[in-house]
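Q: One structure follows; several queries about it will come next.
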Amino acid sequence: MTVEHLDRGPLTMDELAEVIARDIPEGSFVNLGIGQPTKIADHLPAELGVVLHTENGMLGMGPAARGDEVDADLTNAGKVPVTELPGASYFHHADSFAMMRGGHLDVCVLGAYQVAANGDLANWHTGRPDAIPAVGGAMDLAIGAKDVFVMMGLFGKDGSPKLVEACTYPLTGVGCVSRVYTDHGVFEVGGPAVVVRETWGIGVEELGHRLGLPLTAPEG
Amino acid sequence: MTVEHLDRGPLTMDELAEVIARDIPEGSFVNLGIGQPTKIADHLPAELGVVLHTENGMLGMGPAARGDEVDADLTNAGKVPVTELPGASYFHHADSFAMMRGGHLDVCVLGAYQVAANGDLANWHTGRPDAIPAVGGAMDLAIGAKDVFVMMGLFGKDGSPKLVEACTYPLTGVGCVSRVYTDHGVFEVGGPAVVVRETWGIGVEELGHRLGLPLTAPEG
Amino acid sequence: MARTQLMETADEAVAGIEDGSTVLVGGFGLAGMPFDLIDALIRQGAQDLTIVSNNAGNGEVGLAALLKAGRVRKVVCSFPRQADSYVFDELYLSGELELEVVPQGNLAERMRAAGAGIGAFYSPTAVGTPLAEGKESRVIEGREYLLEYPIKGDYALISAHTADRLGNLVYRKTARNFGPVMAAAATTTIAQVSSVVPTGALDPEAVVTPSIYVDRVVAVEARHYTVQGAR
Amino acid sequence: MARTQLMETADEAVAGIEDGSTVLVGGFGLAGMPFDLIDALIRQGAQDLTIVSNNAGNGEVGLAALLKAGRVRKVVCSFPRQADSYVFDELYLSGELELEVVPQGNLAERMRAAGAGIGAFYSPTAVGTPLAEGKESRVIEGREYLLEYPIKGDYALISAHTADRLGNLVYRKTARNFGPVMAAAATTTIAQVSSVVPTGALDPEAVVTPSIYVDRVVAVEARHYTVQGAR
């Protein structure tokens, strides 16, 4: 059964970060993409023993650096100064992406422009003809973890759904996303039908209408 | 012109090691194969700044360990205990063979069963049907240096030449050898004809007869 | 990979290795050879194993003992034949053991590819030799290469010098050899170490195998083996 | 590679870089960016360069200044567009600059392949995306991969933390990024460092780039750049 939270509105991005953090397994190795996903770190208690990977070459990344902690030689993939936790390690880019490409990370959480029902991901290029292409590590991340989660608002500024039947934006990866966390609901994709695990401020039926997608409830 | 040393017999292996050492450029990075080639290290003065690579994961290898220096964790590719020189570095096997395969070593000196006039090398397998195949790093070394030198006795125990028109033993590498250092002479192979640079205890003409190969003198 | 487990004994560390597993075994000669884990594997009893290692055992210890106990179906290695590899020699010559000989650098790179998620790669090593038989070849920028596929392990048994409590590893001198490559190439990596230090005691710049590649760690007593005698 | 040369100035260090060269430039954002070498390269005057780097310059310093000086024909990078990449943006949109966008991990692995003598390799990254266009694909064990070729440099300009007099390098924290990979992928590798220490002062277990990959080293004064401001 889908859990529907109808007594409240959609989640804020901070609340959503907390929801995602609850699904990160103890002791797992996790890469949090640039932007909103970095908020998830604030909701991971130290005793959970989650180790953060940043693809520019580090395991054991700590929180953002403040004041005197700022060190130009220590940044995350978004080029924001961060800190180092005990047990950290540094490695070069080829080793870092080998770690990712080799499937050693448990979870990667990414932002997205669009996710399709089959797990296709579009998060690197708007497809506008005058846009300058820039991919960074997006395509490597998309195929580089046992579970790829997406964190995003479910609807664009113009109200159009970002969870879609098929992506219209250029793809980042094919069938790579397993779960989509949004302000209105949490979805499992890549299976025969999109499964809604939980909703906020909207019921499953209305959600299905707004997305124009057949939605099913989790088993059990 | 070929230099003929007719006032003496063929070189001992120690003398040959000294001859090869003279041709190792200052400051170069060198891998000395298992067996006879390791003797060359004894003839490389420290001020030459030659850095020795051992493919089991080290640059800056020093002489064989003696007495208390013996450390089970520090051996050369022949599994003989060695020592470490200042400025040494350690790396794993994939990095070590990447260094070799990538063409970063200047010189590699190997032993051989046979070398062909075109530079083909046979040094890993006698081809006997009951022999157990064992290649180690031979094939990686054969293609892994800017210059591959061979150090060997020119004739086998039965008097048959080991520098040949075409190898009859299974190959280790194709056209990979540039120079062949032997007790009777130094040869350049891989070109249109075998060039004899220097001989000991035998003249070029007789050498050509015994080898059954057309030999030419160096230019100039 | 979940959090690295610190085990009390080598026997606990090798628990659960299934019959038919592919086991990557570190070491080059004696340096970096995980003797305690191999001995525990013999006691553990798994059979029909494929062993990937540089050599195929010396004397009657380590891999040679595992072979002698009849637990190995196939050996993938670069250099099986040695002065004292008589256990391997007999089993191989009597047809009881399958052998795949792989050039040492390709062995390392194929495991590196497995750990790095590379589907296959073109290597110049062994072109034109008997070991090229059956391999796809391709000319790239005028040079010939052979197509080589990853070697993945179900388990890796390696020996490192020191672990921290998170499972980060450092090695010692040329005993590093295959350890880091095998740790990344196996589904479950089991490391024996001389000591386990508190988290934070290793220099993050000098960690060689990050904890993400290490599943189980066991501290063992240093073994005083004879370097020359065991060759 | 002959012995590493210790240079007095960044200008000496970049001497001889020819017009039309492919130059690998280290750094990820500002971390590990060899500013002094880039500034020297601008003074040196080489033109028609192909630059391989993760980004394509920020503001008007470093790579952006090199671009602005009109020295670059082509950029190979993963992420050219940034908040302050206006120099690149203008040149690219006006058609004065060729661009090859490569996913960050493929960029690193393609340079790693160049340094490691790998002819080509199959990567799963970018399958089914617009960046797969024109690339050969192959299914291996049920998964699709794209064939990727090495990226070699004529020169690499990198920044490390400390060198010894032999040319061994260590880096600092995430400033390591592309340095070790580029050092091995270029014919001539030029490193700027904060200090040069006597041979033997670096821990052999912790050397990241062995001297064999380093041709020229120059010590430069630490640059006090603003981390946030220059993003």
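Just remember, in the structure tokens the first chain shown is A, the second B, etc., residues are 1-based per chain, and ligands are 1-based in the order shown.
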Once you count only C-alpha atoms, which residues of chain C turn out to be within 7 Å of chain B? Could you give them as a PyMOL selection string?
A: chain C and resi 29+31+78-81+101+103-105+108-109+112+125-130+172-178+180-181+227
Q: Mind writing the picked residues with C-alpha atoms as a PDB file, in the first residue's frame?
A:
ATOM      1  CA  GLY C  29      56.371 -15.349  -4.319  1.00  0.00           C
ATOM      2  CA  ALA C  31      55.840 -11.231  -0.397  1.00  0.00           C
ATOM      3  CA  SER C  78      51.514 -16.035 -14.997  1.00  0.00           C
ATOM      4  CA  PHE C  79      54.246 -18.271 -13.652  1.00  0.00           C
ATOM      5  CA  PRO C  80      53.254 -21.671 -12.260  1.00  0.00           C
ATOM      6  CA  ARG C  81      56.531 -23.470 -12.897  1.00  0.00           C
ATOM      7  CA  VAL C 101      48.661 -18.854 -18.377  1.00  0.00           C
ATOM      8  CA  PRO C 103      51.201 -12.622 -18.954  1.00  0.00           C
ATOM      9  CA  GLN C 104      51.808 -10.926 -15.614  1.00  0.00           C
ATOM     10  CA  GLY C 105      50.911  -7.441 -16.801  1.00  0.00           C
ATOM     11  CA  ALA C 108      47.120  -7.337 -13.321  1.00  0.00           C
ATOM     12  CA  GLU C 109      45.358  -5.182 -15.918  1.00  0.00           C
ATOM     13  CA  ARG C 112      42.176  -3.791 -12.704  1.00  0.00           C
ATOM     14  CA  THR C 125      51.263  -7.754 -24.797  1.00  0.00           C
ATOM     15  CA  ALA C 126      51.529 -11.257 -26.333  1.00  0.00           C
ATOM     16  CA  VAL C 127      50.781 -10.171 -29.904  1.00  0.00           C
ATOM     17  CA  GLY C 128      52.286 -12.702 -32.322  1.00  0.00           C
ATOM     18  CA  THR C 129      52.933 -15.283 -29.603  1.00  0.00           C
ATOM     19  CA  PRO C 130      51.242 -18.612 -28.791  1.00  0.00           C
ATOM     20  CA  ARG C 172      54.798  -2.611   2.909  1.00  0.00           C
ATOM     21  CA  LYS C 173      57.386  -2.345   0.107  1.00  0.00           C
ATOM     22  CA  THR C 174      57.024  -4.827  -2.760  1.00  0.00           C
ATOM     23  CA  ALA C 175      54.522  -6.865  -0.737  1.00  0.00           C
ATOM     24  CA  ARG C 176      51.954  -4.409  -2.146  1.00  0.00           C
ATOM     25  CA  ASN C 177      52.050  -6.165  -5.540  1.00  0.00           C
ATOM     26  CA  PHE C 178      48.600  -7.559  -6.454  1.00  0.00           C
ATOM     27  CA  PRO C 180      45.187  -3.286  -4.323  1.00  0.00           C
ATOM     28  CA  VAL C 181      44.163  -4.649  -7.722  1.00  0.00           C
ATOM     29  CA  VAL C 227      63.054 -15.806   2.430  1.00  0.00           C
TER      30      VAL C 227
END
Q: When you look at Met182 (chain C) with a cut-off of 8 Å (counting only C-alpha atoms), what residues show up, excluding the ones that are within fewer than 4 positions of it in the same chain? I need them as a VMD selection string.
A: chain C and resid 24 to 26 111 to 112 115 153 156 158 178 186 189
Q: Going by DSSP on the backbone, which bits of region 1-207 of chain D are helix (DSSP H, G or I)? Write them as a PyMOL selection string, please.
A: chain D and resi 10-13+35-44+63-68+86-93+104-116+130-132+173-176+179-185
Q: Near Val180 (chain B), counting only C-alpha atoms, which residues have an atom at most 8 Å away, once you skip same-chain residues fewer than 4 positions from it, shown as a PyMOL selection string?
A: chain B and resi 115+149-152+186-189
Q: What are the closest atom pairs, with distances in Å to one decimal, for all residues of chain D lying within 12 Å of chain C? Consider only C-alpha atoms, order rows by chain and residue number, and present the result as a tab-separated table.
A:
residue	atom	partner	partner_atom	distance
D:Gly105	CA	C:Ala116	CA	10.6
D:Asn106	CA	C:Ile118	CA	10.5
D:Glu109	CA	C:Ala116	CA	9.6
D:Arg110	CA	C:Phe121	CA	11.5
D:Arg112	CA	C:Ala116	CA	11.9
D:Ala113	CA	C:Phe121	CA	9.3
D:Ala114	CA	C:Ser123	CA	11.6
D:Ala116	CA	C:Ser123	CA	9.5
D:Gly117	CA	C:Ser123	CA	7.4
D:Ile118	CA	C:Ser123	CA	5.4
D:Gly119	CA	C:Tyr122	CA	5.1
D:Ala120	CA	C:Tyr122	CA	5.4
D:Phe121	CA	C:Phe121	CA	4.1
D:Tyr122	CA	C:Gly119	CA	5.1
D:Ser123	CA	C:Ile118	CA	5.4
D:Pro124	CA	C:Ile118	CA	7.3
D:Thr125	CA	C:Gly117	CA	9.7
D:Ser137	CA	C:Gly119	CA	10.9
D:Arg138	CA	C:Gly119	CA	9.0
D:Val139	CA	C:Gly119	CA	8.7
D:Ile140	CA	C:Gly119	CA	6.4
D:Glu141	CA	C:Gly119	CA	8.6
D:Gly142	CA	C:Gly119	CA	10.5
D:Arg143	CA	C:Gly119	CA	8.4
D:Glu144	CA	C:Gly119	CA	8.6
D:Tyr145	CA	C:Gly119	CA	6.7
D:Leu146	CA	C:Gly119	CA	9.0
D:Leu147	CA	C:Phe121	CA	8.9
D:Glu148	CA	C:Phe121	CA	9.4
D:Tyr149	CA	C:Ile140	CA	9.2
D:Pro150	CA	C:Ile140	CA	10.5
D:His161	CA	C:Glu205	CA	11.6
D:Val170	CA	C:Glu205	CA	8.5
D:Tyr171	CA	C:Glu205	CA	7.9
D:Arg172	CA	C:Glu205	CA	7.3
D:Lys173	CA	C:Glu205	CA	6.9
D:Thr174	CA	C:Glu205	CA	9.7
D:Ala175	CA	C:Glu205	CA	11.1
D:Arg176	CA	C:Glu205	CA	9.5
D:Leu202	CA	C:Ala206	CA	11.3
D:Asp203	CA	C:Ala206	CA	9.1
D:Pro204	CA	C:Lys173	CA	8.2
D:Glu205	CA	C:Lys173	CA	6.9
D:Ala206	CA	C:Ala206	CA	4.9
D:Val207	CA	C:Ala206	CA	8.1
D:Val208	CA	C:Ala206	CA	8.5
Q: If we count only C-alpha atoms, what is near region 43-60 of chain C at a cut-off of 6 Å, once residues fewer than 5 positions away on the same chain are taken out, given as a list in words?
A: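 Here the answer would be Glu18, Asp19, Gly20, Ser21, Thr22, Val23, Leu24, Val25, Ala65, Arg71, Val72, Arg73, Lys74, Val75, Val76, Cys77, Ser78, Phe79, Pro80, Asp84 and Ser85 of chain C.
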Q: Would you save the residues of that selection, restricted to N, CA, C and O atoms, as a PDB file, in the first residue's frame?
A:
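Output saved as out_32.pdb:
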ATOM      1  N   GLU C  18      32.126 -20.346  -1.000  1.00  0.00           N
ATOM      2  CA  GLU C  18      31.360 -21.463  -1.554  1.00  0.00           C
ATOM      3  C   GLU C  18      32.214 -22.336  -2.473  1.00  0.00           C
ATOM      4  O   GLU C  18      33.142 -21.846  -3.121  1.00  0.00           O
ATOM      5  N   ASP C  19      31.843 -23.593  -2.577  1.00  0.00           N
ATOM      6  CA  ASP C  19      32.435 -24.469  -3.593  1.00  0.00           C
ATOM      7  C   ASP C  19      32.268 -23.803  -4.960  1.00  0.00           C
ATOM      8  O   ASP C  19      31.234 -23.192  -5.239  1.00  0.00           O
ATOM      9  N   GLY C  20      33.278 -23.935  -5.792  1.00  0.00           N
ATOM     10  CA  GLY C  20      33.171 -23.392  -7.148  1.00  0.00           C
ATOM     11  C   GLY C  20      33.513 -21.919  -7.271  1.00  0.00           C
ATOM     12  O   GLY C  20      33.425 -21.354  -8.360  1.00  0.00           O
ATOM     13  N   SER C  21      33.903 -21.285  -6.169  1.00  0.00           N
ATOM     14  CA  SER C  21      34.217 -19.849  -6.222  1.00  0.00           C
ATOM     15  C   SER C  21      35.504 -19.581  -6.995  1.00  0.00           C
ATOM     16  O   SER C  21      36.402 -20.424  -7.055  1.00  0.00           O
ATOM     17  N   THR C  22      35.576 -18.388  -7.551  1.00  0.00           N
ATOM     18  CA  THR C  22      36.836 -17.871  -8.083  1.00  0.00           C
ATOM     19  C   THR C  22      37.475 -17.033  -6.988  1.00  0.00           C
ATOM     20  O   THR C  22      36.865 -16.072  -6.502  1.00  0.00           O
ATOM     21  N   VAL C  23      38.675 -17.406  -6.589  1.00  0.00           N
ATOM     22  CA  VAL C  23      39.358 -16.735  -5.484  1.00  0.00           C
ATOM     23  C   VAL C  23      40.657 -16.115  -5.992  1.00  0.00           C
ATOM     24  O   VAL C  23      41.527 -16.825  -6.515  1.00  0.00           O
ATOM     25  N   LEU C  24      40.779 -14.799  -5.859  1.00  0.00           N
ATOM     26  CA  LEU C  24      42.009 -14.094  -6.214  1.00  0.00           C
ATOM     27  C   LEU C  24      42.924 -14.154  -4.996  1.00  0.00           C
ATOM     28  O   LEU C  24      42.495 -13.793  -3.898  1.00  0.00           O
ATOM     29  N   VAL C  25      44.141 -14.596  -5.175  1.00  0.00           N
ATOM     30  CA  VAL C  25      45.054 -14.747  -4.042  1.00  0.00           C
ATOM     31  C   VAL C  25      46.287 -13.879  -4.273  1.00  0.00           C
ATOM     32  O   VAL C  25      47.034 -14.082  -5.237  1.00  0.00           O
ATOM     33  N   ALA C  65      49.764 -26.109  -0.635  1.00  0.00           N
ATOM     34  CA  ALA C  65      48.996 -26.951   0.299  1.00  0.00           C
ATOM     35  C   ALA C  65      47.529 -27.033  -0.130  1.00  0.00           C
ATOM     36  O   ALA C  65      46.891 -28.085  -0.037  1.00  0.00           O
ATOM     37  N   ARG C  71      41.606 -29.075  -3.611  1.00  0.00           N
ATOM     38  CA  ARG C  71      40.475 -28.142  -3.584  1.00  0.00           C
ATOM     39  C   ARG C  71      40.359 -27.281  -4.840  1.00  0.00           C
ATOM     40  O   ARG C  71      39.422 -26.501  -4.966  1.00  0.00           O
ATOM     41  N   VAL C  72      41.329 -27.411  -5.725  1.00  0.00           N
ATOM     42  CA  VAL C  72      41.407 -26.462  -6.839  1.00  0.00           C
ATOM     43  C   VAL C  72      41.164 -27.170  -8.171  1.00  0.00           C
ATOM     44  O   VAL C  72      41.732 -28.209  -8.449  1.00  0.00           O
ATOM     45  N   ARG C  73      40.268 -26.567  -8.951  1.00  0.00           N
ATOM     46  CA  ARG C  73      39.941 -27.100 -10.261  1.00  0.00           C
ATOM     47  C   ARG C  73      40.798 -26.460 -11.350  1.00  0.00           C
ATOM     48  O   ARG C  73      41.183 -27.072 -12.325  1.00  0.00           O
ATOM     49  N   LYS C  74      41.058 -25.168 -11.179  1.00  0.00           N
ATOM     50  CA  LYS C  74      41.734 -24.412 -12.234  1.00  0.00           C
ATOM     51  C   LYS C  74      42.623 -23.339 -11.612  1.00  0.00           C
ATOM     52  O   LYS C  74      42.243 -22.723 -10.604  1.00  0.00           O
ATOM     53  N   VAL C  75      43.773 -23.144 -12.242  1.00  0.00           N
ATOM     54  CA  VAL C  75      44.677 -22.085 -11.807  1.00  0.00           C
ATOM     55  C   VAL C  75      44.849 -21.098 -12.966  1.00  0.00           C
ATOM     56  O   VAL C  75      45.113 -21.503 -14.094  1.00  0.00           O
ATOM     57  N   VAL C  76      44.663 -19.822 -12.679  1.00  0.00           N
ATOM     58  CA  VAL C  76      44.950 -18.757 -13.643  1.00  0.00           C
ATOM     59  C   VAL C  76      46.160 -18.012 -13.098  1.00  0.00           C
ATOM     60  O   VAL C  76      46.067 -17.409 -12.022  1.00  0.00           O
ATOM     61  N   CYS C  77      47.275 -18.068 -13.780  1.00  0.00           N
ATOM     62  CA  CYS C  77      48.464 -17.419 -13.234  1.00  0.00           C
ATOM     63  C   CYS C  77      49.465 -17.131 -14.335  1.00  0.00           C
ATOM     64  O   CYS C  77      49.302 -17.556 -15.475  1.00  0.00           O
ATOM     65  N   SER C  78      50.515 -16.377 -13.984  1.00  0.00           N
ATOM     66  CA  SER C  78      51.514 -16.035 -14.997  1.00  0.00           C
ATOM     67  C   SER C  78      52.693 -16.995 -14.950  1.00  0.00           C
ATOM     68  O   SER C  78      53.318 -17.257 -15.966  1.00  0.00           O
ATOM     69  N   PHE C  79      53.005 -17.515 -13.772  1.00  0.00           N
ATOM     70  CA  PHE C  79      54.246 -18.271 -13.652  1.00  0.00           C
ATOM     71  C   PHE C  79      54.088 -19.437 -12.691  1.00  0.00           C
ATOM     72  O   PHE C  79      54.536 -19.380 -11.554  1.00  0.00           O
ATOM     73  N   PRO C  80      53.464 -20.529 -13.154  1.00  0.00           N
ATOM     74  CA  PRO C  80      53.254 -21.671 -12.260  1.00  0.00           C
ATOM     75  C   PRO C  80      54.539 -22.436 -11.978  1.00  0.00           C
ATOM     76  O   PRO C  80      54.769 -22.887 -10.866  1.00  0.00           O
ATOM     77  N   ASP C  84      60.436 -25.096  -6.965  1.00  0.00           N
ATOM     78  CA  ASP C  84      59.795 -25.952  -5.969  1.00  0.00           C
ATOM     79  C   ASP C  84      58.271 -25.996  -6.134  1.00  0.00           C
ATOM     80  O   ASP C  84      57.524 -26.033  -5.175  1.00  0.00           O
ATOM     81  N   SER C  85      57.820 -25.980  -7.387  1.00  0.00           N
ATOM     82  CA  SER C  85      56.373 -26.017  -7.642  1.00  0.00           C
ATOM     83  C   SER C  85      55.926 -27.445  -7.943  1.00  0.00           C
ATOM     84  O   SER C  85      55.021 -27.669  -8.737  1.00  0.00           O
TER      85      SER C  85
END
Q: Enumerate, as an NGL selection string, the complete set of residues in region 7-65 of chain C that a backbone-based DSSP assignment places in strand (DSSP E or B).
A: :C and (7 or 22-25 or 28 or 31 or 49-52 or 55 or 58 or 61)
